[in-house]
Amino acid sequence: MARRTALLAFLLGTLAIAAAYASAFLPGDPPRWSAWAMGTGTAVVMVAAMALGAARAGRIGRLKLPFAFVFVVLAGGFAAALALPPEAPGAALFLGLPLRAAIVLIGVGMLPLFVLPVAYALTFDEMTLSEADLERVRRQARALAPNAAVPAIAPETTPVPAEAEAV
């Protein structure tokens with residue numbers, strides 16, 4: 001179910017981004033909704049792509065909360081940047097940036113980088129491929145190309161050749 005929902009969200013987000021781009025071809029200034037469609041569509045597509053990559057057996061598991069947080073940060077950051085009035089000349093800077101630029105660069109650009117790696121690390125064992133999954137992938141690869149050599153995934157205990165240590 002998570003995969004289907006993520007695919008639908010990805011489609012809707014992509015359509016919102018396409019509509020925003022298409023609005024640039026309308027006569028006159030772009031409509032006000034186009035920037036909102038671009039910001040919302042971007043947030044939806046980014047989170048939907050993460051959900052598609054993380055979905056296992058039709059579920060996202062414990063990553064729902066971090067993904068929801070990232071969506072709120074992305075959509076909220078874009079909304080805040082769009083809703084704020086234009087800065088007056090000489091306005092105060094935040095970390096050397098105008099407020100709207102700081103929101104986008106720091107909030108939208110960097111804040112998810114502190115949450116997602118931790119979330120993925122905490123759920124790594126339950127969300128990665130198991131030995132049974134890897135064997136299923138190997139069988140399917142052999143079935144698709146029976147004469148091709150399917151590279152073996154070396155076990156963790158494989159000794160490192162002396163040439164590799166010297167490099």
# chains A, B, ... in the order shown; residues from 1 in each chain; ligands from 1
>>> residues_around(residues="Leu82 (chain A)", least_positions_apart="5", cutoff="8 Å", atoms="only C-alpha atoms", output="number ranges by chain")
A: 35-36, 100
>>> select_by_dssp(residues="region 17-128 of chain A", states="helix (DSSP H, G or I)", output="number ranges by chain")
A: 17-25, 32-54, 61-83, 99-108, 111-122, 124-127
>>> write_last_selection(atoms="C-alpha atoms", output="PDB file, in the first residue's frame")
ATOM      1  CA  ILE A  17       5.562  21.057 -10.805  1.00  0.00           C
ATOM      2  CA  ALA A  18       4.620  20.680 -14.492  1.00  0.00           C
ATOM      3  CA  ALA A  19       1.670  23.054 -14.034  1.00  0.00           C
ATOM      4  CA  ALA A  20       3.976  25.594 -12.394  1.00  0.00           C
ATOM      5  CA  TYR A  21       6.404  25.379 -15.290  1.00  0.00           C
ATOM      6  CA  ALA A  22       3.591  25.513 -17.856  1.00  0.00           C
ATOM      7  CA  SER A  23       2.216  28.674 -16.240  1.00  0.00           C
ATOM      8  CA  ALA A  24       5.361  30.494 -17.369  1.00  0.00           C
ATOM      9  CA  PHE A  25       4.016  30.304 -20.911  1.00  0.00           C
ATOM     10  CA  ARG A  32       0.612  33.618  -7.918  1.00  0.00           C
ATOM     11  CA  TRP A  33      -0.382  29.961  -7.527  1.00  0.00           C
ATOM     12  CA  SER A  34       2.528  28.767  -9.660  1.00  0.00           C
ATOM     13  CA  ALA A  35       5.163  29.404  -6.985  1.00  0.00           C
ATOM     14  CA  TRP A  36       3.013  27.593  -4.408  1.00  0.00           C
ATOM     15  CA  ALA A  37       2.484  24.680  -6.808  1.00  0.00           C
ATOM     16  CA  MET A  38       6.229  24.483  -7.389  1.00  0.00           C
ATOM     17  CA  GLY A  39       7.074  24.511  -3.671  1.00  0.00           C
ATOM     18  CA  THR A  40       4.394  22.027  -2.691  1.00  0.00           C
ATOM     19  CA  GLY A  41       5.075  19.764  -5.657  1.00  0.00           C
ATOM     20  CA  THR A  42       8.790  19.741  -4.890  1.00  0.00           C
ATOM     21  CA  ALA A  43       8.186  18.763  -1.258  1.00  0.00           C
ATOM     22  CA  VAL A  44       5.749  16.022  -2.278  1.00  0.00           C
ATOM     23  CA  VAL A  45       8.047  14.585  -4.971  1.00  0.00           C
ATOM     24  CA  MET A  46      11.063  14.523  -2.651  1.00  0.00           C
ATOM     25  CA  VAL A  47       9.251  12.706   0.151  1.00  0.00           C
ATOM     26  CA  ALA A  48       7.450  10.357  -2.248  1.00  0.00           C
ATOM     27  CA  ALA A  49      10.779   9.398  -3.826  1.00  0.00           C
ATOM     28  CA  MET A  50      12.203   8.654  -0.373  1.00  0.00           C
ATOM     29  CA  ALA A  51       9.141   6.568   0.461  1.00  0.00           C
ATOM     30  CA  LEU A  52       9.453   4.610  -2.786  1.00  0.00           C
ATOM     31  CA  GLY A  53      13.069   3.829  -2.008  1.00  0.00           C
ATOM     32  CA  ALA A  54      12.359   2.829   1.576  1.00  0.00           C
ATOM     33  CA  GLY A  61       7.762   1.087   8.858  1.00  0.00           C
ATOM     34  CA  ARG A  62       9.220   3.453  11.396  1.00  0.00           C
ATOM     35  CA  LEU A  63      10.332   5.896   8.694  1.00  0.00           C
ATOM     36  CA  LYS A  64       6.829   7.405   8.523  1.00  0.00           C
ATOM     37  CA  LEU A  65       7.590   9.936  11.238  1.00  0.00           C
ATOM     38  CA  PRO A  66      10.926  11.150   9.796  1.00  0.00           C
ATOM     39  CA  PHE A  67       9.370  11.384   6.332  1.00  0.00           C
ATOM     40  CA  ALA A  68       6.441  13.379   7.718  1.00  0.00           C
ATOM     41  CA  PHE A  69       8.898  15.670   9.510  1.00  0.00           C
ATOM     42  CA  VAL A  70      10.876  16.212   6.311  1.00  0.00           C
ATOM     43  CA  PHE A  71       7.672  16.995   4.394  1.00  0.00           C
ATOM     44  CA  VAL A  72       6.613  19.546   7.022  1.00  0.00           C
ATOM     45  CA  VAL A  73      10.072  21.140   6.961  1.00  0.00           C
ATOM     46  CA  LEU A  74      10.183  21.289   3.165  1.00  0.00           C
ATOM     47  CA  ALA A  75       6.625  22.472   2.592  1.00  0.00           C
ATOM     48  CA  GLY A  76       6.743  24.811   5.583  1.00  0.00           C
ATOM     49  CA  GLY A  77      10.069  26.283   4.499  1.00  0.00           C
ATOM     50  CA  PHE A  78       8.858  26.940   0.979  1.00  0.00           C
ATOM     51  CA  ALA A  79       5.573  28.351   2.299  1.00  0.00           C
ATOM     52  CA  ALA A  80       7.372  30.637   4.754  1.00  0.00           C
ATOM     53  CA  ALA A  81       9.697  31.909   2.036  1.00  0.00           C
ATOM     54  CA  LEU A  82       6.727  32.585  -0.259  1.00  0.00           C
ATOM     55  CA  ALA A  83       4.519  34.169   2.404  1.00  0.00           C
ATOM     56  CA  LEU A  99      15.582  35.912   5.812  1.00  0.00           C
ATOM     57  CA  ARG A 100      13.850  34.177   2.908  1.00  0.00           C
ATOM     58  CA  ALA A 101      17.131  32.915   1.463  1.00  0.00           C
ATOM     59  CA  ALA A 102      18.182  31.682   4.904  1.00  0.00           C
ATOM     60  CA  ILE A 103      14.912  29.765   5.298  1.00  0.00           C
ATOM     61  CA  VAL A 104      15.356  28.014   1.965  1.00  0.00           C
ATOM     62  CA  LEU A 105      19.086  27.302   2.251  1.00  0.00           C
ATOM     63  CA  ILE A 106      19.238  26.358   5.914  1.00  0.00           C
ATOM     64  CA  GLY A 107      15.738  25.100   6.634  1.00  0.00           C
ATOM     65  CA  VAL A 108      14.883  23.380   3.379  1.00  0.00           C
ATOM     66  CA  LEU A 111      17.676  20.570   8.187  1.00  0.00           C
ATOM     67  CA  PRO A 112      16.593  17.305   6.508  1.00  0.00           C
ATOM     68  CA  LEU A 113      20.282  16.350   6.299  1.00  0.00           C
ATOM     69  CA  PHE A 114      20.391  16.128  10.081  1.00  0.00           C
ATOM     70  CA  VAL A 115      17.246  13.994  10.401  1.00  0.00           C
ATOM     71  CA  LEU A 116      17.303  11.513   7.524  1.00  0.00           C
ATOM     72  CA  PRO A 117      20.715   9.901   8.084  1.00  0.00           C
ATOM     73  CA  VAL A 118      19.865   9.289  11.741  1.00  0.00           C
ATOM     74  CA  ALA A 119      16.466   7.847  10.806  1.00  0.00           C
ATOM     75  CA  TYR A 120      17.991   5.545   8.204  1.00  0.00           C
ATOM     76  CA  ALA A 121      20.718   4.449  10.620  1.00  0.00           C
ATOM     77  CA  LEU A 122      18.181   3.586  13.318  1.00  0.00           C
ATOM     78  CA  PHE A 124      18.919   0.007   8.859  1.00  0.00           C
ATOM     79  CA  ASP A 125      18.633  -3.576  10.088  1.00  0.00           C
ATOM     80  CA  GLU A 126      14.881  -3.857   9.580  1.00  0.00           C
ATOM     81  CA  MET A 127      14.722  -1.943   6.280  1.00  0.00           C
TER      82      MET A 127
END
>>> atom_distance(atom1="CA of Ala88 (chain A)", atom2="CA of Gly28 (chain A)")
25.3 Å
>>> closest_residue(among="A:Ala141, A:Leu26, A:Leu93, A:Ile60", to="Ala2 (chain A)", atoms="only C-alpha atoms")
A:Ile60
>>> decode(residues="region 20-49 of chain A", atoms="N, CA and C atoms", output="compact mmCIF listing (two decimals), in the first residue's frame")
# COMPACT_ATOMS: atom_id res chain seq x y z
N ALA A 20 3.24 24.38 -12.73
CA ALA A 20 3.98 25.59 -12.39
C ALA A 20 4.88 26.01 -13.55
N TYR A 21 5.56 25.06 -14.14
CA TYR A 21 6.40 25.38 -15.29
C TYR A 21 5.55 25.84 -16.48
N ALA A 22 4.45 25.16 -16.73
CA ALA A 22 3.59 25.51 -17.86
C ALA A 22 3.01 26.92 -17.69
N SER A 23 2.79 27.34 -16.46
CA SER A 23 2.22 28.67 -16.24
C SER A 23 3.15 29.79 -16.70
N ALA A 24 4.42 29.49 -16.87
CA ALA A 24 5.36 30.49 -17.37
C ALA A 24 5.06 30.87 -18.81
N PHE A 25 4.34 30.02 -19.52
CA PHE A 25 4.02 30.30 -20.91
C PHE A 25 2.73 31.11 -21.06
N LEU A 26 2.04 31.37 -19.96
CA LEU A 26 0.84 32.19 -20.02
C LEU A 26 1.25 33.65 -20.26
N PRO A 27 0.39 34.43 -20.90
CA PRO A 27 0.74 35.83 -21.13
C PRO A 27 0.82 36.60 -19.80
N GLY A 28 1.73 37.55 -19.74
CA GLY A 28 1.87 38.37 -18.54
C GLY A 28 2.73 37.69 -17.49
N ASP A 29 2.64 38.22 -16.28
CA ASP A 29 3.40 37.66 -15.16
C ASP A 29 2.86 36.28 -14.82
N PRO A 30 3.71 35.42 -14.26
CA PRO A 30 3.20 34.11 -13.86
C PRO A 30 2.17 34.26 -12.75
N PRO A 31 1.18 33.41 -12.74
CA PRO A 31 0.16 33.51 -11.69
C PRO A 31 0.75 33.22 -10.31
N ARG A 32 0.12 33.77 -9.29
CA ARG A 32 0.61 33.62 -7.92
C ARG A 32 0.63 32.15 -7.47
N TRP A 33 -0.30 31.35 -7.95
CA TRP A 33 -0.38 29.96 -7.53
C TRP A 33 0.80 29.13 -8.02
N SER A 34 1.48 29.60 -9.07
CA SER A 34 2.53 28.77 -9.66
C SER A 34 3.70 28.55 -8.70
N ALA A 35 4.07 29.58 -7.95
CA ALA A 35 5.16 29.40 -6.99
C ALA A 35 4.75 28.43 -5.88
N TRP A 36 3.51 28.51 -5.44
CA TRP A 36 3.01 27.59 -4.41
C TRP A 36 2.95 26.17 -4.94
N ALA A 37 2.53 26.01 -6.20
CA ALA A 37 2.48 24.68 -6.81
C ALA A 37 3.89 24.10 -6.93
N MET A 38 4.85 24.95 -7.27
CA MET A 38 6.23 24.48 -7.39
C MET A 38 6.78 24.05 -6.02
N GLY A 39 6.57 24.85 -5.00
CA GLY A 39 7.07 24.51 -3.67
C GLY A 39 6.42 23.27 -3.10
N THR A 40 5.11 23.20 -3.21
CA THR A 40 4.39 22.03 -2.69
C THR A 40 4.74 20.78 -3.50
N GLY A 41 4.74 20.91 -4.81
CA GLY A 41 5.07 19.76 -5.66
C GLY A 41 6.48 19.24 -5.40
N THR A 42 7.42 20.15 -5.18
CA THR A 42 8.79 19.74 -4.89
C THR A 42 8.86 18.97 -3.58
N ALA A 43 8.19 19.46 -2.55
CA ALA A 43 8.19 18.76 -1.26
C ALA A 43 7.55 17.38 -1.39
N VAL A 44 6.44 17.30 -2.11
CA VAL A 44 5.75 16.02 -2.28
C VAL A 44 6.61 15.03 -3.06
N VAL A 45 7.23 15.49 -4.15
CA VAL A 45 8.05 14.59 -4.97
C VAL A 45 9.25 14.08 -4.18
N MET A 46 9.88 14.95 -3.41
CA MET A 46 11.06 14.52 -2.65
C MET A 46 10.71 13.46 -1.61
N VAL A 47 9.63 13.67 -0.88
CA VAL A 47 9.25 12.71 0.15
C VAL A 47 8.71 11.43 -0.49
N ALA A 48 7.97 11.55 -1.57
CA ALA A 48 7.45 10.36 -2.25
C ALA A 48 8.60 9.51 -2.80
N ALA A 49 9.63 10.15 -3.32
CA ALA A 49 10.78 9.40 -3.83
C ALA A 49 11.49 8.67 -2.68
